[in-house]
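Shown next: model30.txt, containing compact mmCIF, C-alpha atoms.
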```
# COMPACT_ATOMS: atom_id res chain seq x y z
CA MET S 113 -29.96 62.15 -25.67
CA ALA S 114 -28.64 65.62 -26.57
CA LEU S 115 -30.07 68.64 -24.83
CA SER S 116 -32.31 70.86 -26.95
CA TYR S 117 -31.79 74.62 -27.11
CA ARG S 118 -35.18 75.13 -25.43
CA GLY S 119 -34.21 72.84 -22.55
CA VAL S 120 -30.98 74.65 -21.93
CA CYS S 121 -32.65 78.07 -21.96
CA ARG S 122 -35.43 76.81 -19.68
CA GLY S 123 -32.74 75.58 -17.28
CA ALA S 124 -31.03 78.90 -17.44
CA SER S 125 -34.33 80.63 -16.68
CA LEU S 126 -34.82 78.45 -13.64
CA ILE S 127 -31.32 79.18 -12.45
CA LEU S 128 -31.92 82.88 -12.93
CA LEU S 129 -35.13 82.80 -10.92
CA TYR S 130 -34.23 80.37 -8.14
CA GLY S 131 -30.45 80.20 -8.09
CA LYS S 132 -30.58 76.36 -8.51
CA ARG S 133 -29.82 74.12 -11.44
CA PRO S 134 -32.70 71.72 -12.28
CA VAL S 135 -32.03 68.04 -12.39
CA GLY S 136 -30.85 66.91 -15.82
CA VAL S 137 -29.44 70.23 -16.89
CA LYS S 138 -25.71 70.09 -17.46
CA ALA S 139 -23.08 72.70 -18.15
CA SER S 140 -22.94 73.61 -21.81
CA LEU S 141 -22.41 76.72 -23.88
CA CYS S 142 -24.49 78.68 -21.38
CA THR S 143 -22.12 77.88 -18.46
CA PRO S 144 -20.24 81.26 -18.39
CA ARG S 145 -23.51 83.12 -18.39
CA LEU S 146 -24.86 80.90 -15.63
CA ALA S 147 -21.68 81.46 -13.57
CA SER S 148 -22.06 85.22 -13.79
CA THR S 149 -25.70 84.85 -12.89
CA LYS S 150 -24.68 82.91 -9.78
CA SER S 151 -22.40 85.76 -8.72
CA SER S 152 -25.22 88.27 -9.13
CA LEU S 153 -27.57 86.14 -7.11
CA TRP S 154 -24.93 85.74 -4.34
CA PHE S 155 -24.66 89.55 -4.16
CA VAL S 156 -28.45 89.91 -3.97
CA ARG S 157 -28.70 87.32 -1.19
CA HIS S 158 -25.93 89.02 0.83
CA TYR S 159 -27.01 92.60 0.20
CA SER S 160 -27.68 94.53 3.41
CA PRO S 161 -29.37 97.99 3.42
CA SER S 162 -27.70 98.83 6.75
CA GLN S 163 -24.26 98.12 5.29
CA ALA S 164 -25.05 100.30 2.32
CA ARG S 165 -26.17 103.15 4.57
CA SER S 166 -23.03 102.74 6.67
CA GLY S 167 -20.87 102.97 3.57
CA ILE S 168 -22.70 106.06 2.37
CA GLY S 169 -22.34 107.63 5.81
CA ARG S 170 -18.59 107.01 5.84
CA SER S 171 -18.30 108.53 2.39
CA VAL S 172 -20.24 111.64 3.46
CA VAL S 173 -18.15 112.05 6.63
CA SER S 174 -14.88 111.67 4.74
CA GLY S 175 -16.09 114.16 2.15
CA LEU S 176 -17.03 116.71 4.80
CA LYS S 177 -13.71 116.19 6.54
CA TRP S 178 -11.84 116.80 3.30
CA ALA S 179 -13.87 119.95 2.58
CA ASN S 180 -13.29 121.26 6.11
CA GLU S 181 -9.53 120.68 5.87
CA LYS S 182 -9.44 122.45 2.53
CA TYR S 183 -11.43 125.37 3.98
CA GLU S 184 -9.05 125.64 6.95
CA ARG S 185 -6.02 125.67 4.63
CA PHE S 186 -7.68 128.43 2.64
CA LEU S 187 -8.29 130.51 5.77
CA GLN S 188 -4.77 129.89 7.06
CA ARG S 189 -3.30 131.03 3.75
CA ARG S 190 -5.54 134.03 2.98
CA PHE S 191 -6.77 135.19 6.41
CA PRO S 192 -4.24 134.08 9.04
CA ARG S 193 -5.59 136.26 11.87
CA PHE S 194 -9.15 135.10 11.29
CA TYR S 195 -7.89 131.51 11.09
CA VAL S 196 -6.47 131.78 14.63
CA ILE S 197 -9.91 132.80 15.91
CA TYR S 198 -11.66 130.12 13.86
CA HIS S 199 -9.25 127.40 14.99
CA THR S 200 -9.58 128.45 18.65
CA PHE S 201 -13.37 128.42 18.33
CA MET S 202 -13.54 124.92 16.81
CA ARG S 203 -10.96 123.54 19.22
CA GLY S 204 -12.91 125.00 22.14
CA PHE S 205 -16.11 123.25 21.15
CA ARG S 206 -14.26 119.94 20.77
CA LEU S 207 -12.72 120.28 24.23
CA LEU S 208 -16.07 121.26 25.73
CA PHE S 209 -17.73 118.23 24.12
CA GLN S 210 -14.97 115.94 25.42
CA ASP S 211 -15.36 117.33 28.94
CA GLY S 212 -19.09 116.75 28.75
CA LYS S 213 -18.56 113.10 27.76
CA GLU S 214 -16.03 112.68 30.56
CA VAL S 215 -18.40 114.08 33.19
CA ARG S 216 -21.18 111.84 31.89
CA ARG S 217 -18.89 108.83 32.34
CA ILE S 218 -18.01 109.91 35.88
CA VAL S 219 -21.64 110.46 36.87
CA SER S 220 -22.67 107.10 35.39
CA ARG S 221 -19.94 105.42 37.40
CA MET S 222 -21.07 107.21 40.56
CA LEU S 223 -24.64 105.99 40.07
CA SER S 224 -23.78 102.42 39.10
CA GLU S 225 -21.20 101.90 41.86
CA ARG S 226 -22.94 104.16 44.41
CA ILE S 227 -19.87 106.31 44.97
CA GLU S 228 -20.32 109.53 46.91
CA HIS S 229 -18.86 112.73 45.50
CA GLN S 230 -16.30 113.21 48.26
CA ASN S 231 -14.91 109.71 47.62
CA LEU S 232 -14.16 110.28 43.95
CA PRO S 233 -10.55 110.50 42.75
CA TYR S 234 -9.12 114.01 42.64
CA ARG S 235 -9.11 114.38 38.87
CA ASP S 236 -12.76 113.31 38.62
CA MET S 237 -13.81 115.76 41.33
CA GLU S 238 -11.84 118.58 39.72
CA LYS S 239 -13.29 117.78 36.29
CA ILE S 240 -16.86 118.01 37.62
CA ARG S 241 -16.12 121.30 39.39
CA GLN S 242 -14.49 122.86 36.36
CA VAL S 243 -17.10 121.69 33.83
CA ARG S 244 -19.95 122.95 36.00
CA LYS S 245 -18.26 126.33 36.21
CA ASP S 246 -17.56 126.40 32.46
CA LEU S 247 -21.10 125.40 31.48
CA ILE S 248 -22.64 128.19 33.54
CA LYS S 249 -20.54 130.68 31.61
CA ALA S 250 -20.82 128.92 28.21
CA ILE S 251 -24.60 128.46 28.06
CA PRO S 252 -25.25 131.97 26.58
CA LEU S 253 -22.55 131.38 23.96
CA VAL S 254 -23.96 128.00 22.95
CA ILE S 255 -27.50 129.39 22.65
CA LEU S 256 -26.22 132.28 20.56
CA SER S 257 -24.48 129.86 18.17
CA ILE S 258 -27.63 127.84 17.37
CA PRO S 259 -29.28 130.02 14.65
CA PRO S 260 -27.88 129.80 11.08
CA PHE S 261 -24.81 131.98 10.46
CA ALA S 262 -24.81 133.04 14.12
CA ASN S 263 -21.32 131.62 14.52
CA TYR S 264 -20.00 134.68 12.70
CA VAL S 265 -21.46 136.85 15.45
CA VAL S 266 -19.73 134.61 17.97
CA PHE S 267 -16.44 135.13 16.12
CA ILE S 268 -16.81 138.89 16.52
CA LEU S 269 -17.60 138.53 20.24
CA MET S 270 -14.58 136.26 20.64
CA TYR S 271 -12.41 138.94 19.12
CA LEU S 272 -13.87 141.85 21.10
CA TYR S 273 -14.65 140.35 24.52
CA PRO S 274 -12.87 137.01 24.90
CA ARG S 275 -12.26 137.29 28.64
CA GLN S 276 -15.78 138.33 29.60
CA LEU S 277 -17.79 136.01 27.35
CA LEU S 278 -15.70 132.94 26.68
CA ILE S 279 -14.50 130.10 28.85
CA ARG S 280 -10.95 128.77 28.99
CA HIS S 281 -11.56 126.30 26.13
CA PHE S 282 -11.86 129.24 23.73
CA TRP S 283 -8.72 131.06 24.90
CA THR S 284 -5.33 130.82 23.27
CA PRO S 285 -2.44 129.79 25.56
CA GLN S 286 -1.28 133.43 25.64
CA GLN S 287 -4.75 134.62 26.58
CA LEU S 288 -4.98 132.00 29.33
CA VAL S 289 -1.91 133.39 31.08
CA GLU S 290 -2.95 137.00 30.48
CA PHE S 291 -6.53 136.62 31.68
CA ARG S 292 -5.52 134.61 34.70
CA GLY S 293 -3.28 137.48 35.71
CA VAL S 294 -6.14 139.95 35.21
CA TYR S 295 -8.52 137.90 37.36
CA HIS S 296 -5.93 137.50 40.09
CA ALA S 297 -5.30 141.26 40.10
CA GLN S 298 -9.03 141.81 40.57
CA ARG S 299 -9.24 139.57 43.62
CA ALA S 300 -5.97 140.96 44.98
CA GLN S 301 -7.69 144.34 45.27
CA HIS S 302 -9.74 142.86 48.13
CA HIS S 303 -6.84 141.34 50.06
CA TRP S 304 -6.12 144.26 52.35
CA ALA S 305 -9.81 144.97 52.88
CA ILE S 306 -10.16 141.40 54.20
CA VAL S 307 -7.15 141.80 56.52
CA LYS S 308 -8.51 145.14 57.72
CA GLY S 309 -11.87 143.51 58.42
CA MET S 310 -10.16 140.90 60.56
CA GLU S 311 -8.32 143.59 62.52
CA SER S 312 -11.48 145.59 63.15
CA THR S 313 -13.28 142.43 64.26
CA SER S 314 -10.55 141.61 66.78
CA THR S 315 -11.80 144.42 69.03
CA SER S 316 -14.95 142.39 69.77
CA VAL S 317 -13.02 139.26 70.84
CA GLN S 318 -13.42 138.68 74.58
CA ASP S 319 -10.56 136.23 75.04
CA THR S 320 -7.42 138.37 75.43
CA ARG S 321 -5.11 135.56 74.30
CA LEU S 322 -7.03 134.94 71.08
CA LYS S 323 -7.37 138.67 70.52
CA SER S 324 -3.62 139.12 70.85
CA ARG S 325 -2.85 136.26 68.47
CA LEU S 326 -5.29 137.51 65.84
CA THR S 327 -3.85 141.04 66.04
CA GLU S 328 -0.32 139.67 65.80
CA LEU S 329 -1.26 137.54 62.78
CA CYS S 330 -2.74 140.53 60.94
CA SER S 331 0.31 142.64 61.80
CA LYS S 332 2.61 139.98 60.37
CA VAL S 333 0.72 139.90 57.11
CA ARG S 334 0.64 143.69 56.86
CA SER S 335 4.41 143.89 57.42
CA GLY S 336 5.11 141.45 54.56
CA VAL S 337 5.82 138.33 56.64
CA HIS S 338 4.50 135.02 55.38
CA PRO S 339 2.82 133.29 58.37
CA VAL S 340 3.26 129.61 59.18
CA VAL S 341 0.46 127.09 59.63
CA SER S 342 0.75 127.15 63.44
CA ASP S 343 0.00 130.91 63.45
CA VAL S 344 -3.28 130.27 61.67
CA HIS S 345 -4.30 127.25 63.73
CA ALA S 346 -3.79 129.28 66.90
CA VAL S 347 -6.86 131.44 66.09
CA ARG S 348 -9.03 128.83 64.35
CA THR S 349 -11.75 128.89 67.03
CA LEU S 350 -12.60 132.49 66.09
CA PHE S 351 -13.62 131.34 62.59
CA SER S 352 -16.11 128.65 63.59
CA GLY S 353 -18.30 130.94 65.67
CA PRO S 354 -18.51 134.64 66.47
CA PRO S 355 -17.11 136.97 65.29
CA LEU S 356 -15.67 135.50 62.05
CA GLY S 357 -17.75 132.36 61.50
CA ILE S 358 -19.32 131.95 58.08
CA LYS S 359 -22.74 132.74 59.54
CA ARG S 360 -21.56 135.37 62.02
CA MET S 361 -19.32 137.75 60.08
CA TYR S 362 -20.44 141.07 58.66
CA ALA S 363 -21.95 141.18 55.17
CA ASP S 364 -19.20 143.50 53.90
CA GLN S 365 -16.56 140.96 54.89
CA MET S 366 -18.45 138.21 53.06
CA ARG S 367 -18.69 140.34 49.93
CA HIS S 368 -14.93 140.85 49.93
CA LEU S 369 -14.47 137.08 50.27
CA CYS S 370 -16.68 136.54 47.21
CA ALA S 371 -13.94 138.09 45.06
CA LEU S 372 -11.54 135.30 46.06
CA LEU S 373 -13.82 132.69 44.46
CA PHE S 374 -15.03 134.95 41.61
CA LEU S 375 -18.59 134.92 42.96
CA THR S 376 -20.97 137.80 42.54
CA PRO S 377 -21.37 139.90 45.72
CA ARG S 378 -24.69 141.37 44.55
CA LEU S 379 -26.87 138.99 46.51
CA PRO S 380 -28.52 139.01 49.97
CA GLY S 381 -26.16 138.30 52.86
CA PHE S 382 -27.64 134.92 53.81
CA TRP S 383 -27.36 133.70 50.22
CA ILE S 384 -23.76 134.85 49.95
CA GLY S 385 -22.94 132.96 53.15
CA ARG S 386 -24.43 129.74 51.78
CA ARG S 387 -22.52 130.02 48.52
CA LEU S 388 -19.24 130.77 50.26
CA ASN S 389 -19.70 127.81 52.59
CA SER S 390 -20.56 125.47 49.70
CA HIS S 391 -17.59 126.47 47.55
CA ALA S 392 -15.13 126.39 50.44
CA PHE S 393 -16.29 122.96 51.54
CA GLU S 394 -15.91 121.67 47.98
CA LEU S 395 -12.30 122.90 47.91
CA MET S 396 -11.67 121.22 51.27
CA GLN S 397 -12.87 117.93 49.79
CA LEU S 398 -10.57 118.46 46.81
CA ASP S 399 -7.65 119.01 49.19
CA ARG S 400 -8.33 115.67 50.85
CA ALA S 401 -8.54 114.04 47.42
CA ILE S 402 -5.10 115.45 46.55
CA VAL S 403 -3.70 113.92 49.73
CA ARG S 404 -5.20 110.53 48.80
CA LEU S 405 -3.75 110.78 45.31
CA GLY S 406 -0.38 112.11 46.39
CA LEU S 407 0.89 115.61 45.62
CA HIS S 408 3.76 114.19 43.56
CA GLN S 409 1.20 112.72 41.11
CA LEU S 410 0.10 116.17 39.88
CA ASN S 411 1.67 117.38 36.66
CA ASP S 412 2.79 120.98 36.24
CA THR S 413 -0.52 122.18 34.76
CA GLU S 414 -2.59 120.54 37.51
CA LEU S 415 -0.22 121.89 40.16
CA ARG S 416 -0.51 125.48 38.95
CA GLU S 417 -4.27 125.23 38.54
CA ALA S 418 -4.62 123.94 42.11
CA CYS S 419 -2.58 126.88 43.43
CA TYR S 420 -4.57 129.39 41.39
CA VAL S 421 -7.95 128.09 42.57
CA ARG S 422 -6.78 128.45 46.21
CA GLY S 423 -5.78 132.10 45.84
CA LEU S 424 -2.16 132.01 44.68
CA ASN S 425 -0.94 133.41 41.38
CA PRO S 426 1.32 130.65 39.96
CA ASP S 427 2.48 132.52 36.87
CA ARG S 428 5.25 134.31 38.77
CA LEU S 429 6.44 131.15 40.56
CA SER S 430 8.51 128.14 39.63
CA SER S 431 7.12 124.60 39.81
CA GLY S 432 9.14 123.99 42.97
CA GLN S 433 7.68 127.04 44.67
CA CYS S 434 4.16 125.99 43.69
CA ARG S 435 4.75 122.54 45.13
CA GLU S 436 6.22 124.02 48.32
CA TRP S 437 3.22 126.30 48.82
CA LEU S 438 0.65 123.60 48.08
CA THR S 439 2.36 121.27 50.55
CA GLN S 440 2.00 123.92 53.25
CA TRP S 441 -1.59 124.54 52.24
CA LEU S 442 -2.53 120.87 52.53
CA GLN S 443 -0.94 120.71 55.98
CA PHE S 444 -3.26 123.53 56.98
CA SER S 445 -6.50 122.53 55.26
CA THR S 446 -6.65 118.77 55.85
CA HIS S 447 -7.06 119.33 59.61
CA LEU S 448 -10.02 121.70 59.26
CA LYS S 449 -13.58 120.80 60.14
CA GLU S 450 -16.62 121.51 58.02
CA SER S 451 -17.58 124.35 60.39
CA GLU S 452 -14.26 126.12 59.71
CA THR S 453 -14.86 127.09 56.09
CA SER S 454 -14.50 130.75 57.06
CA LEU S 455 -10.90 130.15 58.15
CA TYR S 456 -10.28 128.35 54.86
CA LEU S 457 -11.46 131.38 52.89
CA HIS S 458 -9.52 133.91 54.96
CA CYS S 459 -6.33 131.87 54.53
CA MET S 460 -6.67 132.33 50.78
CA VAL S 461 -5.34 135.78 51.70
CA LEU S 462 -3.24 135.10 54.81
CA LEU S 463 -1.19 132.30 53.24
CA THR S 464 -0.87 133.73 49.73
CA VAL S 465 -0.39 137.49 49.86
CA ASN S 466 3.28 137.37 50.97
CA PHE S 467 4.38 134.17 49.27
CA PRO S 468 7.14 133.74 48.34
CA LYS S 469 9.23 135.75 50.75
CA HIS S 470 11.70 136.54 48.00
CA PRO S 471 9.78 136.59 44.68
CA ARG S 472 11.58 135.22 41.65
CA HIS S 473 12.39 137.92 39.06
```
Produce C-alpha cells that represent the structure in this file.
Amino acid sequence: MALSYRGVCRGASLILLYGKRPVGVKASLCTPRLASTKSSLWFVRHYSPSQARSGIGRSVVSGLKWANEKYERFLQRRFPRFYVIYHTFMRGFRLLFQDGKEVRRIVSRMLSERIEHQNLPYRDMEKIRQVRKDLIKAIPLVILSIPPFANYVVFILMYLYPRQLLIRHFWTPQQLVEFRGVYHAQRAQHHWAIVKGMESTSTSVQDTRLKSRLTELCSKVRSGVHPVVSDVHAVRTLFSGPPLGIKRMYADQMRHLCALLFLTPRLPGFWIGRRLNSHAFELMQLDRAIVRLGLHQLNDTELREACYVRGLNPDRLSSGQCREWLTQWLQFSTHLKESETSLYLHCMVLLTVNFPKHPRH
C-alpha cells in the first residue's frame, strides 16, 4: 500500500523529535530533508559547552596576541626609544614569572622527595637564592604596577632610576654590565678598610706566630701581591673565635663586610652578624654544590655570575681567568667549617683585590 503524504510527514516529525525512523516509514521524497535533519541532530547530541568555551578562549587569546604584536610594531616604528623600554619591561615580567614557576617546581620537589636545601643541585640552589633576592627588590615595583595605567609610571621610573628600583630582569644587556661595574666599585671602596681592620686587630693576637702570619698576609695584599690558599689557611683559627670571629669582631668591621654582600649596614650589630653568617654559609653550600656538579659544567654566564657573587669583578677578565680564580676559590672554601664564615667573608677581599696579577687590557 502506498504511503500517504500525512504518514510521511508524521514520520518526518518523529525523526525530527527523536532522531529515529518509525517502523514502516521508508525513504521517499523527504529523504534529503531527513538526512540533513540527522546531521543537525548529531551535532546537537555531540555539542559540548566546554569545547565551545575553549574555542572562544583560543580565539580571544589569538586576537589579543595579534593586537599586541601590532601595537609593538607601531611603537617600534614611531617611538623606538620608548619601545626599548616597553620591550625590556614586558620581557622582565615574563622572566620573573618563569623564575617563579621554576622555584615552585623546585620547592614542590623538595617537599615530595624530602630533599634538604644543601643537597639540591647547584643550579636549583642558585635559582632559589637569586629569585629570593630579586623578589625582595621587585615587590614595590609589582605593587606599583597593579592600579590601572600605573604601568606608565613604572616606565618613567625605569627610565630615570633603573639601577636603584629595578631588578636584573628589567635591565638591558648593556645596563647589566654597567650596573654590575657600579655595584662592584661601591663594594671595592670598603676593601682597604677591611684590610686595615684586620691589621689593627692583629695587635690583640696573643700567639706571636699567628700574629706574624696575619701581619704578613695583610702586608702582601697591601703591596699588590695575590696570596695563595695556604697563606689564608695558616691564619684560619683567628676567624673562628676572637678576635675576628663572626660573633667577636668589632661592629665597624662587620658593617664594612656588609658592603661585600650588598647588605644594609644600618642595623644593630647582633643582627648584622646573623645576616652575614647566614649569607656566607649559603655561599659555602653553593660552593660545595659546584664541586658536586663539576666546575667544567658551568657555562660562561654562570661562571661569571659565580665569580661576581664571591667578590670578583668578572667583566675585566677572560673566561679562562674566571675559571682559574674560581678553581682556587673552591680549593679554599670547600675545606672551611660552618664556624669559619668570617674567614670566608674576609677572603672576598684577600683573594680578589689583586687578581689577576697582570690585568688584561
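Interatomic distance, CA of Ala363 (chain S) against CA of Pro377 (chain S): 9.6 Å.
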Sort by chain and increasing residue number a table of all residues of region 379-441 of chain S within 12 Å of region 291-302 of chain S, each with its closest pair of atoms and their distance in Å to one decimal, counting only C-alpha atoms, and write it as a tab-separated table.
```
residue	atom	partner	partner_atom	distance
S:Arg416	CA	S:Arg292	CA	11.2
S:Glu417	CA	S:Arg292	CA	10.2
S:Cys419	CA	S:His296	CA	11.6
S:Tyr420	CA	S:His296	CA	8.3
S:Val421	CA	S:His296	CA	9.9
S:Arg422	CA	S:His296	CA	11.0
S:Gly423	CA	S:His296	CA	7.9
S:Leu424	CA	S:His296	CA	8.1
S:Asn425	CA	S:His296	CA	6.6
S:Pro426	CA	S:Gly293	CA	9.3
S:Asp427	CA	S:Gly293	CA	7.7
S:Arg428	CA	S:Gly293	CA	9.6
```
Open item on the list: Could you check the closest approach to His458 (chain S) for each of S:Arg387, S:Lys177, S:Arg435, S:His368 and tell me which residue wins, using all atoms listed in the file?
Closed with: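 Answer, going by the shortest atom-to-atom distance: S:His368.
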Open item on the list: Can you tell me which residues surround Phe393 (chain S) at a distance of at most 10 Å, considering all atoms listed in the file, apart from same-chain residues fewer than 2 positions away, and format the answer as a PyMOL selection string?
Closed with: chain S and resi 387-391+395-399+449-454+456-457
Task: For Gly309 (chain S), the nearest of the candidates S:Leu442, S:Cys330, S:Met202, S:Leu350, counting all atoms listed in the file - done: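 Once distances to Gly309 (chain S) are computed over all atoms listed in the file, the minimum belongs to S:Cys330.
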Task: Within 9 Å of region 310-321 of chain S using only C-alpha atoms, minus same-chain residues under 2 positions, as a PyMOL selection string - done: chain S and resi 305-308+323-327+330-331+350+354-356+361+365+458
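In terms of minimum interatomic distance to Glu414 (chain S), S:Glu238 ranks closest within S:Ile197, S:Pro285, S:Pro260, S:Glu238, counting all atoms listed in the file.
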Task: From S:Ile279, S:Val347, S:Leu438, S:Ile248, residue lying nearest Phe201 (chain S) [all atoms listed in the file] - done: S:Ile279
Draw an axis-aligned box over all listed atoms of region 304-317 of chain S, pad each side with 8 Å, and write its centre and edge lengths in Å, one decimal, as AutoDock Vina command-line options.
```
--center_x -10.5 --center_y 142.4 --center_z 61.6 --size_x 24.8 --size_y 22.3 --size_z 34.5
```
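One finds CA of Arg235 (chain S) at 14.4 Å from CA of Gly212 (chain S).
Within 10 Å of Ile384 (chain S), once all atoms listed in the file are used and residues closer than 2 positions along the same chain are dropped, the contacting residues are Ile358, Lys359, Ala363, Met366, Arg367, Leu369, Cys370, Leu375, Thr376, Pro377, Arg378, Leu379, Pro380, Gly381, Phe382, Arg386, Arg387, Leu388, Asn389 and Ser390 of chain S.
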Task: Straight-line distance linking CA of Leu462 (chain S) with CA of Pro339 (chain S), stated in Å to one decimal - done: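 Between CA of Leu462 (chain S) and CA of Pro339 (chain S) the gap works out to 7.3 Å.
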- [ ] Give the answer as one residue: which of S:Val243, S:Leu410, S:Val465, S:Leu232 has the shortest atom-to-atom distance to Gln210 (chain S), using only C-alpha atoms?
- [x] S:Val243
Task: Among the residues S:Tyr271, S:Trp178, S:Phe261, S:Phe444, the one that comes closest to Val196 (chain S) [using all atoms listed in the file] - done: S:Tyr271
Open item on the list: Give me the residues near region 215-230 of chain S as a PyMOL selection string, where near means some atom within 7 Å (using only C-alpha atoms) and where sequence neighbours in that chain fewer than 4 positions away do not count.
Closed with: chain S and resi 211+236+240+397
